[in-house]
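Data from work.csv: CSV, C-alpha atoms and all ligand atoms
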```
chain,number,residue,atom,x,y,z
A,4,MET,CA,-9.4,-2.1,-8.3
A,5,GLY,CA,-5.8,-3.1,-8.7
A,6,GLU,CA,-3.2,-2.8,-11.4
A,7,ALA,CA,-3.0,-6.5,-11.8
A,8,ASN,CA,-5.4,-8.7,-13.6
A,9,SER,CA,-8.5,-6.9,-12.5
A,10,ALA,CA,-10.9,-8.8,-14.7
A,11,ALA,CA,-9.4,-12.2,-14.4
A,12,PRO,CA,-11.4,-15.0,-12.9
A,13,ALA,CA,-10.2,-15.2,-9.4
A,14,GLY,CA,-8.7,-18.5,-8.4
A,15,PRO,CA,-6.2,-19.6,-5.8
A,16,VAL,CA,-2.8,-20.1,-7.2
A,17,ASP,CA,0.2,-21.3,-5.4
A,18,PRO,CA,2.5,-18.3,-5.4
A,19,ALA,CA,5.5,-20.6,-5.5
A,20,SER,CA,4.7,-21.9,-9.0
A,21,PRO,CA,5.7,-19.9,-12.1
A,22,VAL,CA,2.1,-19.5,-13.1
A,23,GLY,CA,2.7,-17.1,-16.0
A,24,LEU,CA,5.0,-19.4,-17.9
A,25,ALA,CA,3.8,-21.1,-21.0
A,26,ASP,CA,5.6,-24.3,-20.0
A,27,PRO,CA,5.9,-24.4,-16.2
A,28,ALA,CA,7.7,-27.7,-16.5
A,29,SER,CA,10.7,-26.2,-18.1
A,30,PRO,CA,13.3,-24.8,-15.8
A,31,VAL,CA,12.9,-21.1,-15.0
A,32,GLY,CA,15.8,-19.2,-16.2
A,33,ALA,CA,15.9,-21.4,-19.3
A,34,VAL,CA,18.5,-19.1,-21.0
A,35,SER,CA,21.9,-20.0,-19.5
A,36,PRO,CA,24.4,-17.3,-18.5
A,37,VAL,CA,26.3,-18.1,-21.7
A,38,GLY,CA,23.1,-17.7,-23.7
A,39,LEU,CA,22.3,-14.4,-21.9
A,40,ALA,CA,25.7,-13.1,-22.8
A,41,GLY,CA,24.9,-13.6,-26.5
A,42,LEU,CA,21.8,-11.4,-26.2
A,43,VAL,CA,22.9,-7.8,-27.0
A,44,THR,CA,19.7,-5.8,-27.0
A,45,LEU,CA,16.6,-5.6,-24.8
A,46,ALA,CA,14.6,-6.3,-27.9
A,47,GLU,CA,16.2,-9.8,-28.2
A,48,ILE,CA,15.4,-10.5,-24.5
A,49,GLU,CA,11.8,-9.4,-25.0
A,50,ALA,CA,11.4,-11.6,-28.1
A,51,ILE,CA,12.5,-14.7,-26.1
A,52,ALA,CA,10.3,-13.7,-23.1
A,53,ARG,CA,7.3,-13.4,-25.4
A,54,THR,CA,7.7,-17.1,-26.3
A,55,ARG,CA,7.8,-18.2,-22.6
A,56,LEU,CA,4.9,-16.3,-21.1
A,57,LEU,CA,1.3,-17.5,-21.3
A,58,PRO,CA,-0.7,-15.4,-23.8
A,59,GLY,CA,-2.8,-13.8,-21.1
A,60,VAL,CA,0.2,-12.9,-19.0
A,61,LEU,CA,2.0,-11.5,-22.0
A,62,ASP,CA,-1.0,-9.4,-22.8
A,63,TYR,CA,-1.1,-8.1,-19.2
A,64,VAL,CA,2.6,-7.3,-19.2
A,65,ALA,CA,3.1,-6.0,-22.7
A,66,GLY,CA,-0.3,-4.4,-23.3
A,67,GLY,CA,-1.5,-0.9,-22.8
A,68,SER,CA,-4.9,0.8,-22.7
A,69,TRP,CA,-7.5,1.5,-25.5
A,70,ASP,CA,-5.7,1.7,-28.8
A,71,GLU,CA,-2.3,1.7,-27.2
A,72,THR,CA,-1.5,5.0,-28.9
A,73,THR,CA,0.4,6.3,-25.9
A,74,LEU,CA,2.2,3.0,-25.4
A,75,ALA,CA,3.6,3.2,-28.9
A,76,ASP,CA,4.3,6.9,-28.6
A,77,ASN,CA,6.5,6.4,-25.5
A,78,GLY,CA,9.0,4.6,-27.7
A,79,ALA,CA,8.5,6.8,-30.8
A,80,ALA,CA,9.2,10.0,-28.8
A,81,PHE,CA,12.8,9.0,-28.3
A,82,ARG,CA,13.2,8.2,-32.0
A,83,ARG,CA,11.7,11.5,-33.1
A,84,ARG,CA,14.6,13.4,-31.6
A,85,GLN,CA,18.2,13.5,-32.5
A,86,PHE,CA,21.5,14.3,-30.8
A,87,ARG,CA,23.4,17.4,-31.5
A,88,ALA,CA,26.8,15.8,-31.3
A,89,SER,CA,30.1,17.6,-31.4
A,90,VAL,CA,33.4,15.8,-32.0
A,91,LEU,CA,36.9,15.8,-30.7
A,92,SER,CA,35.9,16.2,-27.0
A,93,GLY,CA,38.7,13.9,-25.9
A,94,VAL,CA,36.3,12.0,-23.7
A,95,MET,CA,37.3,8.3,-23.3
A,96,ALA,CA,35.4,5.4,-21.9
A,97,ALA,CA,37.7,5.4,-18.9
A,98,ASP,CA,36.5,9.0,-18.1
A,99,LEU,CA,32.9,8.0,-17.7
A,100,ASP,CA,31.1,8.5,-14.4
A,101,LEU,CA,27.5,7.5,-14.3
A,102,SER,CA,27.0,8.4,-10.7
A,103,THR,CA,24.5,11.0,-9.7
A,104,THR,CA,22.3,11.9,-6.8
A,105,VAL,CA,18.8,10.8,-6.1
A,106,LEU,CA,16.8,12.7,-3.6
A,107,GLY,CA,20.1,14.2,-2.5
A,108,ARG,CA,21.7,10.8,-1.9
A,109,PRO,CA,24.7,9.7,-4.1
A,110,VAL,CA,23.9,6.7,-6.2
A,111,PRO,CA,26.2,4.8,-8.6
A,112,THR,CA,23.9,4.9,-11.7
A,113,PRO,CA,21.0,7.0,-13.0
A,114,PHE,CA,18.7,3.9,-13.4
A,115,GLY,CA,15.8,2.5,-11.5
A,116,VAL,CA,13.3,-0.4,-11.8
A,117,ALA,CA,9.8,1.1,-12.2
A,118,PRO,CA,7.3,-0.2,-9.7
A,119,MET,CA,5.3,-3.1,-11.2
A,120,ALA,CA,2.6,-5.4,-9.8
A,121,GLN,CA,3.0,-9.1,-9.5
A,122,PHE,CA,6.5,-10.2,-10.6
A,123,GLY,CA,5.2,-13.6,-9.6
A,124,PHE,CA,3.6,-14.0,-13.1
A,125,CYS,CA,7.1,-14.1,-14.5
A,126,HIS,CA,9.2,-16.0,-12.0
A,127,PRO,CA,8.5,-18.2,-8.9
A,128,ASP,CA,10.6,-15.9,-6.7
A,129,ALA,CA,8.8,-12.9,-8.1
A,130,GLU,CA,10.5,-9.6,-7.0
A,131,LEU,CA,13.4,-11.2,-5.1
A,132,PRO,CA,15.8,-11.9,-8.0
A,133,ALA,CA,15.0,-8.5,-9.6
A,134,ALA,CA,15.6,-6.7,-6.4
A,135,ALA,CA,18.9,-8.6,-5.9
A,136,ALA,CA,20.0,-7.7,-9.4
A,137,ALA,CA,19.2,-4.0,-8.8
A,138,ALA,CA,21.2,-4.0,-5.5
A,139,THR,CA,24.2,-5.5,-7.3
A,140,ALA,CA,24.0,-3.1,-10.3
A,141,GLY,CA,23.3,0.0,-8.2
A,142,TRP,CA,19.9,0.6,-9.6
A,143,THR,CA,17.1,2.0,-7.4
A,144,PHE,CA,14.4,-0.6,-6.9
A,145,ALA,CA,10.8,0.7,-6.6
A,146,LEU,CA,8.6,-2.0,-5.1
A,147,SER,CA,4.9,-1.9,-6.0
A,148,THR,CA,2.1,-2.0,-3.4
A,149,LEU,CA,0.8,-4.9,-5.5
A,150,SER,CA,4.0,-7.0,-5.3
A,151,THR,CA,3.9,-10.8,-5.0
A,152,ARG,CA,6.5,-10.8,-2.3
A,153,SER,CA,6.2,-8.7,0.8
A,154,ILE,CA,7.9,-5.4,1.7
A,155,GLU,CA,10.0,-7.2,4.2
A,156,GLU,CA,11.1,-10.1,2.0
A,157,VAL,CA,12.2,-7.7,-0.8
A,158,ALA,CA,14.1,-5.7,1.8
A,159,ARG,CA,16.0,-8.8,2.8
A,160,ALA,CA,16.7,-9.7,-0.9
A,161,CYS,CA,18.7,-6.5,-1.2
A,162,ALA,CA,20.7,-7.0,2.0
A,163,PRO,CA,23.3,-6.3,3.0
A,164,GLY,CA,23.7,-3.3,0.7
A,165,SER,CA,21.7,-1.6,-2.0
A,166,PRO,CA,23.6,1.4,-3.2
A,167,GLY,CA,20.8,2.5,-5.5
A,168,GLY,CA,18.3,2.3,-2.6
A,169,ARG,CA,14.8,1.0,-2.4
A,170,TRP,CA,11.6,3.0,-2.8
A,171,PHE,CA,8.1,1.9,-1.9
A,172,GLN,CA,5.3,2.7,-4.3
A,173,LEU,CA,1.9,3.3,-2.7
A,174,TYR,CA,-1.5,2.8,-4.2
A,175,ILE,CA,-3.6,4.5,-1.6
A,176,GLN,CA,-6.2,1.9,-0.5
A,177,ASP,CA,-9.8,2.7,0.4
A,178,ASP,CA,-9.0,1.6,3.9
A,179,LEU,CA,-6.6,4.4,5.0
A,180,GLY,CA,-5.5,2.3,8.0
A,181,VAL,CA,-4.2,-0.4,5.6
A,182,SER,CA,-2.5,2.3,3.5
A,183,ARG,CA,-0.9,3.8,6.5
A,184,SER,CA,0.4,0.5,7.8
A,185,LEU,CA,2.0,-0.2,4.4
A,186,VAL,CA,3.8,3.1,4.6
A,187,GLU,CA,4.9,2.4,8.2
A,188,ARG,CA,6.1,-1.1,7.2
A,189,ALA,CA,8.1,0.4,4.3
A,190,GLU,CA,9.8,2.9,6.5
A,191,ALA,CA,10.6,0.3,9.2
A,192,ALA,CA,12.1,-2.0,6.5
A,193,GLY,CA,14.5,0.7,5.3
A,194,TYR,CA,12.8,1.9,2.1
A,195,SER,CA,14.1,5.4,1.5
A,196,ALA,CA,11.2,7.1,-0.3
A,197,LEU,CA,7.5,6.8,-0.9
A,198,VAL,CA,6.3,7.0,-4.4
A,199,ILE,CA,2.6,7.7,-4.6
A,200,THR,CA,1.0,6.7,-7.9
A,201,VAL,CA,-1.8,9.1,-8.8
A,202,ASP,CA,-2.8,8.1,-12.3
A,203,LEU,CA,-4.9,5.1,-11.3
A,204,PRO,CA,-8.1,6.3,-9.7
A,205,VAL,CA,-9.5,3.5,-11.7
A,206,ILE,CA,-7.8,1.0,-14.0
A,207,GLY,CA,-7.4,2.0,-17.7
A,208,TYR,CA,-9.6,0.4,-20.3
A,209,ARG,CA,-7.2,-2.4,-21.2
A,210,ASP,CA,-9.0,-4.4,-23.9
A,211,ARG,CA,-6.5,-7.3,-23.7
A,212,ASP,CA,-6.9,-7.7,-19.9
A,213,LEU,CA,-10.7,-7.5,-20.1
A,214,ARG,CA,-10.5,-10.8,-21.9
A,215,GLY,CA,-8.9,-12.1,-18.7
A,216,THR,CA,-5.6,-13.8,-18.1
A,217,GLY,CA,-7.3,-16.6,-16.3
A,218,LEU,CA,-4.7,-16.3,-13.5
A,219,ALA,CA,-4.6,-14.6,-10.2
A,220,LEU,CA,-1.9,-14.4,-7.6
A,221,ARG,CA,-2.2,-13.3,-4.0
A,222,TYR,CA,-0.5,-10.0,-3.2
A,223,GLY,CA,2.4,-10.1,-0.8
A,224,ASN,CA,1.4,-7.0,1.2
A,225,LEU,CA,-2.4,-6.8,1.3
A,226,PRO,CA,-5.1,-8.6,3.0
A,227,PRO,CA,-7.7,-10.2,0.8
A,228,VAL,CA,-10.7,-8.1,-0.1
A,229,GLY,CA,-14.1,-9.4,-1.2
A,230,ASP,CA,-13.1,-12.8,-2.4
A,231,ALA,CA,-11.7,-15.2,0.2
A,232,THR,CA,-8.7,-16.4,-1.8
A,233,THR,CA,-7.5,-13.5,-3.8
A,234,THR,CA,-7.2,-9.8,-3.6
A,235,THR,CA,-7.5,-9.0,-7.3
A,236,ILE,CA,-11.3,-8.4,-7.1
A,237,GLY,CA,-12.9,-5.7,-5.2
A,238,ARG,CA,-9.9,-3.6,-4.3
A,239,ARG,CA,-10.8,0.1,-4.3
A,240,HIS,CA,-9.1,3.5,-4.0
A,241,PRO,CA,-10.5,6.5,-2.3
A,242,PRO,CA,-11.0,9.7,-4.3
A,243,LEU,CA,-7.5,10.8,-5.0
A,244,THR,CA,-7.0,14.5,-4.1
A,245,TRP,CA,-4.1,16.8,-3.1
A,246,ASP,CA,-5.6,16.9,0.4
A,247,LEU,CA,-5.1,13.1,0.6
A,248,ILE,CA,-1.5,13.5,-0.5
A,249,ASP,CA,-1.0,16.0,2.4
A,250,GLN,CA,-2.5,13.4,4.8
A,251,VAL,CA,-0.3,10.5,3.5
A,252,ARG,CA,2.8,12.7,3.9
A,253,THR,CA,2.2,12.9,7.6
A,254,TRP,CA,2.3,9.1,8.0
A,255,SER,CA,6.1,8.8,7.8
A,256,SER,CA,9.2,10.8,7.6
A,257,LEU,CA,9.9,9.4,4.1
A,258,PRO,CA,10.4,11.8,1.2
A,259,VAL,CA,7.3,11.6,-1.1
A,260,LEU,CA,7.4,11.4,-4.9
A,261,ILE,CA,4.3,11.8,-7.0
A,262,LYS,CA,4.2,9.4,-9.9
A,263,GLY,CA,2.1,9.9,-13.0
A,264,ILE,CA,2.6,13.6,-13.6
A,265,LEU,CA,2.3,14.8,-17.2
A,266,VAL,CA,1.5,18.5,-17.1
A,267,PRO,CA,3.5,21.4,-15.6
A,268,GLU,CA,0.7,22.7,-13.4
A,269,ASP,CA,0.4,19.3,-11.6
A,270,ALA,CA,4.2,19.3,-11.1
A,271,ARG,CA,4.0,22.8,-9.5
A,272,LEU,CA,1.2,21.6,-7.2
A,273,ALA,CA,3.2,18.5,-6.3
A,274,VAL,CA,6.0,20.7,-5.1
A,275,GLU,CA,3.6,23.0,-3.3
A,276,HIS,CA,2.3,20.0,-1.5
A,277,GLY,CA,5.7,19.0,-0.3
A,278,ALA,CA,6.8,16.4,-2.9
A,279,ALA,CA,10.6,15.8,-3.0
A,280,GLY,CA,10.2,14.7,-6.5
A,281,VAL,CA,7.8,13.8,-9.4
A,282,VAL,CA,7.9,10.9,-11.8
A,283,VAL,CA,6.8,11.9,-15.3
A,284,SER,CA,4.9,8.8,-16.4
A,285,ASN,CA,1.8,7.7,-18.2
A,286,HIS,CA,2.0,4.3,-16.5
A,287,GLY,CA,3.7,2.8,-19.6
A,288,GLY,CA,0.6,3.6,-21.7
A,289,ARG,CA,-1.7,1.6,-19.5
A,290,GLN,CA,-3.9,4.3,-18.1
A,291,LEU,CA,-5.4,7.2,-20.0
A,292,ASP,CA,-4.6,6.7,-23.7
A,293,ARG,CA,-3.8,9.6,-26.0
A,294,VAL,CA,-1.9,11.4,-23.4
A,295,PRO,CA,1.6,12.6,-24.4
A,296,ALA,CA,4.6,10.3,-24.4
A,297,ALA,CA,6.5,10.6,-21.2
A,298,LEU,CA,9.5,12.0,-23.0
A,299,ASP,CA,7.4,14.7,-24.6
A,300,ALA,CA,5.9,15.7,-21.2
A,301,LEU,CA,9.3,15.8,-19.5
A,302,PRO,CA,10.7,19.2,-20.6
A,303,GLY,CA,7.6,21.1,-19.4
A,304,VAL,CA,7.6,19.4,-16.1
A,305,VAL,CA,11.4,20.1,-15.6
A,306,ALA,CA,10.8,23.8,-16.4
A,307,ALA,CA,7.9,24.0,-13.9
A,308,VAL,CA,9.8,22.3,-11.1
A,309,GLY,CA,13.2,24.0,-11.5
A,310,ASP,CA,15.5,23.0,-8.7
A,311,ARG,CA,12.8,22.8,-6.1
A,312,ALA,CA,12.4,19.0,-6.5
A,313,ASP,CA,13.8,16.0,-8.5
A,314,VAL,CA,12.2,15.0,-11.8
A,315,TYR,CA,12.3,11.3,-12.8
A,316,MET,CA,10.7,9.6,-15.8
A,317,ASP,CA,9.6,6.3,-17.1
A,318,GLY,CA,8.0,4.9,-20.3
A,319,GLY,CA,9.6,3.4,-23.4
A,320,VAL,CA,13.2,3.3,-22.3
A,321,ARG,CA,14.7,0.5,-24.2
A,322,ARG,CA,18.1,1.6,-25.3
A,323,GLY,CA,21.0,3.5,-23.7
A,324,LEU,CA,20.3,6.2,-26.3
A,325,ASP,CA,16.9,6.7,-24.7
A,326,VAL,CA,18.5,7.0,-21.2
A,327,VAL,CA,20.9,9.6,-22.4
A,328,MET,CA,18.2,11.6,-24.1
A,329,ALA,CA,15.9,11.6,-21.0
A,330,LEU,CA,18.8,12.6,-18.8
A,331,ALA,CA,19.7,15.4,-21.2
A,332,LEU,CA,16.2,16.6,-21.1
A,333,GLY,CA,16.3,16.9,-17.4
A,334,ALA,CA,15.5,13.6,-15.8
A,335,ARG,CA,17.6,12.9,-12.7
A,336,ALA,CA,17.3,9.2,-13.3
A,337,VAL,CA,15.2,7.0,-15.6
A,338,PHE,CA,13.1,4.1,-14.6
A,339,VAL,CA,12.6,0.9,-16.6
A,340,GLY,CA,9.5,-1.3,-16.5
A,341,ARG,CA,8.7,-4.1,-18.9
A,342,PRO,CA,12.3,-5.0,-19.9
A,343,VAL,CA,13.0,-6.0,-16.3
A,344,LEU,CA,10.1,-8.4,-16.3
A,345,TYR,CA,11.3,-9.9,-19.6
A,346,GLY,CA,14.8,-10.4,-18.2
A,347,LEU,CA,13.3,-12.0,-15.1
A,348,THR,CA,11.2,-14.3,-17.3
A,349,ILE,CA,14.1,-15.6,-19.3
A,350,GLY,CA,16.9,-15.7,-16.8
A,351,GLY,CA,15.8,-14.8,-13.2
A,352,GLU,CA,18.4,-12.7,-11.5
A,353,ALA,CA,21.0,-13.2,-14.2
A,354,GLY,CA,18.4,-12.2,-16.8
A,355,VAL,CA,17.6,-8.9,-15.0
A,356,ALA,CA,21.3,-8.3,-14.5
A,357,ARG,CA,21.8,-8.8,-18.3
A,358,VAL,CA,19.1,-6.2,-19.0
A,359,MET,CA,20.9,-3.8,-16.6
A,360,GLU,CA,24.3,-4.5,-18.1
A,361,ILE,CA,23.1,-3.9,-21.7
A,362,LEU,CA,21.5,-0.6,-20.7
A,363,ARG,CA,24.6,0.6,-18.9
A,364,ARG,CA,26.9,-0.3,-21.7
A,365,GLU,CA,24.7,1.3,-24.3
A,366,THR,CA,24.5,4.4,-22.1
A,367,GLU,CA,28.2,4.6,-21.7
A,368,ARG,CA,28.9,4.2,-25.4
A,369,ALA,CA,26.4,6.9,-26.3
A,370,MET,CA,28.0,9.3,-23.8
A,371,VAL,CA,31.5,8.8,-25.2
A,372,LEU,CA,30.2,9.4,-28.7
A,373,LEU,CA,28.5,12.6,-27.4
A,374,GLY,CA,31.7,13.7,-25.7
A,375,VAL,CA,30.0,13.9,-22.3
A,376,ALA,CA,31.8,12.2,-19.4
A,377,ARG,CA,29.4,12.9,-16.5
A,378,VAL,CA,25.6,12.6,-16.1
A,379,ALA,CA,25.5,16.1,-14.7
A,380,ASP,CA,26.9,17.4,-18.0
A,381,LEU,CA,24.1,16.0,-20.1
A,382,ARG,CA,22.1,19.2,-21.0
A,383,PRO,CA,19.0,19.9,-23.2
A,384,ASP,CA,21.1,21.5,-25.9
A,385,LEU,CA,22.5,18.1,-26.8
A,386,VAL,CA,19.0,17.1,-28.1
A,387,LEU,CA,17.5,18.4,-31.3
A,388,GLU,CA,13.8,18.4,-31.6
A,389,ALA,CA,13.3,16.7,-34.9
A,390,ARG,CA,11.6,18.8,-37.6
A,391,TRP,CA,8.6,16.6,-38.5
B,1,LIG,C1,3.0,-5.3,-15.8
B,1,LIG,C2,3.1,-3.9,-15.2
B,1,LIG,C3,2.6,-3.6,-13.9
B,1,LIG,C4,2.7,-2.3,-13.4
B,1,LIG,N1,2.3,-2.1,-12.1
B,1,LIG,C5,2.4,-0.9,-11.6
B,1,LIG,C6,2.2,-0.7,-10.2
B,1,LIG,O1,1.8,-1.6,-9.5
B,1,LIG,N2,2.4,0.6,-9.7
B,1,LIG,C7,2.8,1.6,-10.5
B,1,LIG,O2,3.0,2.7,-10.0
B,1,LIG,N3,3.0,1.5,-11.8
B,1,LIG,C8,2.9,0.2,-12.4
B,1,LIG,N4,3.2,0.0,-13.7
B,1,LIG,C9,3.8,1.2,-14.5
B,1,LIG,C10,5.3,1.2,-14.4
B,1,LIG,O3,5.7,1.7,-13.1
B,1,LIG,C11,5.9,2.2,-15.4
B,1,LIG,O4,5.2,3.4,-15.3
B,1,LIG,C12,5.9,1.7,-16.8
B,1,LIG,O5,5.9,0.3,-16.9
B,1,LIG,C13,7.0,2.3,-17.6
B,1,LIG,O6,7.0,2.0,-18.9
B,1,LIG,P1,7.9,0.9,-19.6
B,1,LIG,O7,7.3,-0.4,-19.2
B,1,LIG,O8,7.7,1.2,-21.1
B,1,LIG,O9,9.3,1.0,-19.1
B,1,LIG,C14,3.2,-1.3,-14.2
B,1,LIG,C15,3.6,-1.5,-15.5
B,1,LIG,C16,3.6,-2.8,-16.0
B,1,LIG,C17,4.1,-3.1,-17.4
```
What do you get writing this file as structure tokens?
Ligand SMILES: Cc1cc2nc3c(=O)[nH]c(=O)nc-3n(C[C@H](O)[C@H](O)[C@H](O)COP(=O)(O)O)c2cc1C
Amino acid sequence: MGEANSAAPAGPVDPASPVGLADPASPVGAVSPVGLAGLVTLAEIEAIARTRLLPGVLDYVAGGSWDETTLADNGAAFRRRQFRASVLSGVMAADLDLSTTVLGRPVPTPFGVAPMAQFGFCHPDAELPAAAAAATAGWTFALSTLSTRSIEEVARACAPGSPGGRWFQLYIQDDLGVSRSLVERAEAAGYSALVITVDLPVIGYRDRDLRGTGLALRYGNLPPVGDATTTTIGRRHPPLTWDLIDQVRTWSSLPVLIKGILVPEDARLAVEHGAAGVVVSNHGGRQLDRVPAALDALPGVVAAVGDRADVYMDGGVRRGLDVVMALALGARAVFVGRPVLYGLTIGGEAGVARVMEILRRETERAMVLLGVARVADLRPDLVLEARW
């Protein structure tokens, strides 16, 4: 059972064709650099991407599970809160410093690309342009187990440097030998951390996907299972337990992060089981519905973990205001999912770069207006819980 397209009719598709685009004949990256510069919000980029993706692919990317309550709440949680802003701080744009540390390593920005399956639905070069944009912008790039391009190809796309670093996200496969070889390949290819996603023992009930995208892509990292031509059918996970996490940790020297944590007691267990960090996430509202928004879950996890591990979050980050709020509530960095795929769809590497630039500029503007020059100075008392 995989994240991508589990119910779609399997069929061989040339990974080199932009299979998810509504009009594959039109040039990929249809929005020129000049056109991209005219787009000033992620919402505008999403609106254009929506017109370019095939309906089934758009459903897969944009959709959530069940009633999509949590999907909607991920964004709403940011808007329920307000900033407690003082004035006359004297902070100027030139004072700003977005650098921080991630797993103890200095990074230029507190942003990352969330791991997502099958970028190949959005662009013929799949993850490569997005990884290149991340390397240039200093974002951490988290590569999914279910990527279209392989661990090694993506590592090369980031060469020679990637100041934000590369993480590898592991879905533990039923065949532990296969799982272990993925981890070993990631370590050999220079990925600096292993993110184990634990909120997908089975795929969420995604009404939209159950109707099928009608498309299937081969995975870049995994051997086919069941069907001769595609790996989307028949992929299974073993029972996910803390014991299994302990086992996976022994497969490499990479620091381990646990992704999909929503409650403080799981965060505590993650630390007890040696995690260097946790990612507060509800999988972008794609797994269990009616769980809290990631931002709502964040403070409890931060309190439980203390300074024993790093806390990251993803889900619903669409504006620099959201970034500042999540950092203030204790996230060390925020990860961004769907907007990266939308940028990729409309402009390839330049489109992803534009998404990253917009978020950085919005974040900087918000920090000046809050009178905070450094990421480390963003504290919870800058955020008011709205009285609703
Ligand atoms: C199309 C798509 C595919 C995803 N695939 C994966 C995956 O392979 N592994 C994983 O850990 N999370 C996956 N996720 C979840 C993201 O890592 C992240 O939690 C979520 O997208 C964040 O929410 P946002 O899209 O609102 O930013 C996927 C999300 C989307 C939208």
Wanna dump the region 99-180 of chain A-region 271-294 of chain A contacts at 10 Å for me, each residue with its shortest atom pair and the distance in Å to one decimal, counting only C-alpha atoms, ordered by chain and number, as a Markdown table?
```
| residue | atom | partner | partner_atom | distance |
| --- | --- | --- | --- | --- |
| A:Val105 | CA | A:Gly280 | CA | 9.5 |
| A:Leu106 | CA | A:Ala279 | CA | 7.0 |
| A:Gly107 | CA | A:Ala279 | CA | 9.6 |
| A:Ala117 | CA | A:His286 | CA | 9.5 |
| A:Pro118 | CA | A:His286 | CA | 9.7 |
| A:Met119 | CA | A:His286 | CA | 9.7 |
```
Checklist entry - Got a sec: who's within 7 Å of region 352-368 of chain A, counting all atoms listed in the file, leaving out chain neighbours fewer than 5 positions off, as an MDAnalysis selection string? => result chainID A and resid 36 39 43:45 132:133 135:136 322:324 326:327 342:343 346:347
Checklist entry - Rounded to one decimal in Å, what is the spacing between CA of Glu388 (chain A) and atom O9 of ligand LIG 1 (chain B)? => result 21.9 Å
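Among A:Ser182, A:Ser195, A:Gln85, A:Thr148, the residue with the shortest atom-to-atom distance to Leu247 (chain A), counting all atoms listed in the file, is A:Ser182.
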Next on the checklist: Just want the 10 Å neighbourhood of Ala192 (chain A), counted on only C-alpha atoms, with same-chain residues fewer than 6 positions away dropped. Output as a list in words.
Outcome noted: Ile154, Glu155, Glu156, Val157, Ala158, Arg159, Arg169 and Val186 of chain A
Item to check | Surrounding residues as an MDAnalysis selection string, ligand LIG 1 (chain B), max 9 Å, only C-alpha atoms and all ligand atoms | outcome: chainID A and resid 5:7 60:61 63:67 74 77:78 116:122 145:150 172:174 198:203 262:263 282:289 297 316:321 338:344
Item to check | Close residues, Ala379 (chain A) itself excluded, 12 Å, only C-alpha atoms, min 6 positions apart in chain, as a ChimeraX atom specification | outcome: /A:99-104,112-113,327,330-336,370
Item to check | d(CA of Thr54 (chain A), CA of Cys125 (chain A)) in Å | outcome: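 Separation of CA of Thr54 (chain A) and CA of Cys125 (chain A): 12.2 Å.
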Next on the checklist: Can you pull out the residues contacting Val375 (chain A)? Cut-off 10 Å, using all atoms listed in the file, and skip same-chain residues under 5 positions away; I want them as a ChimeraX atom specification.
Outcome noted: /A:88-89,92-95,98-100,367,369-370,380-382,385
Next on the checklist: Quick check, in Å to one decimal: how far apart do CA of Glu268 (chain A) and CA of Val304 (chain A) lie?
Outcome noted: 8.1 Å
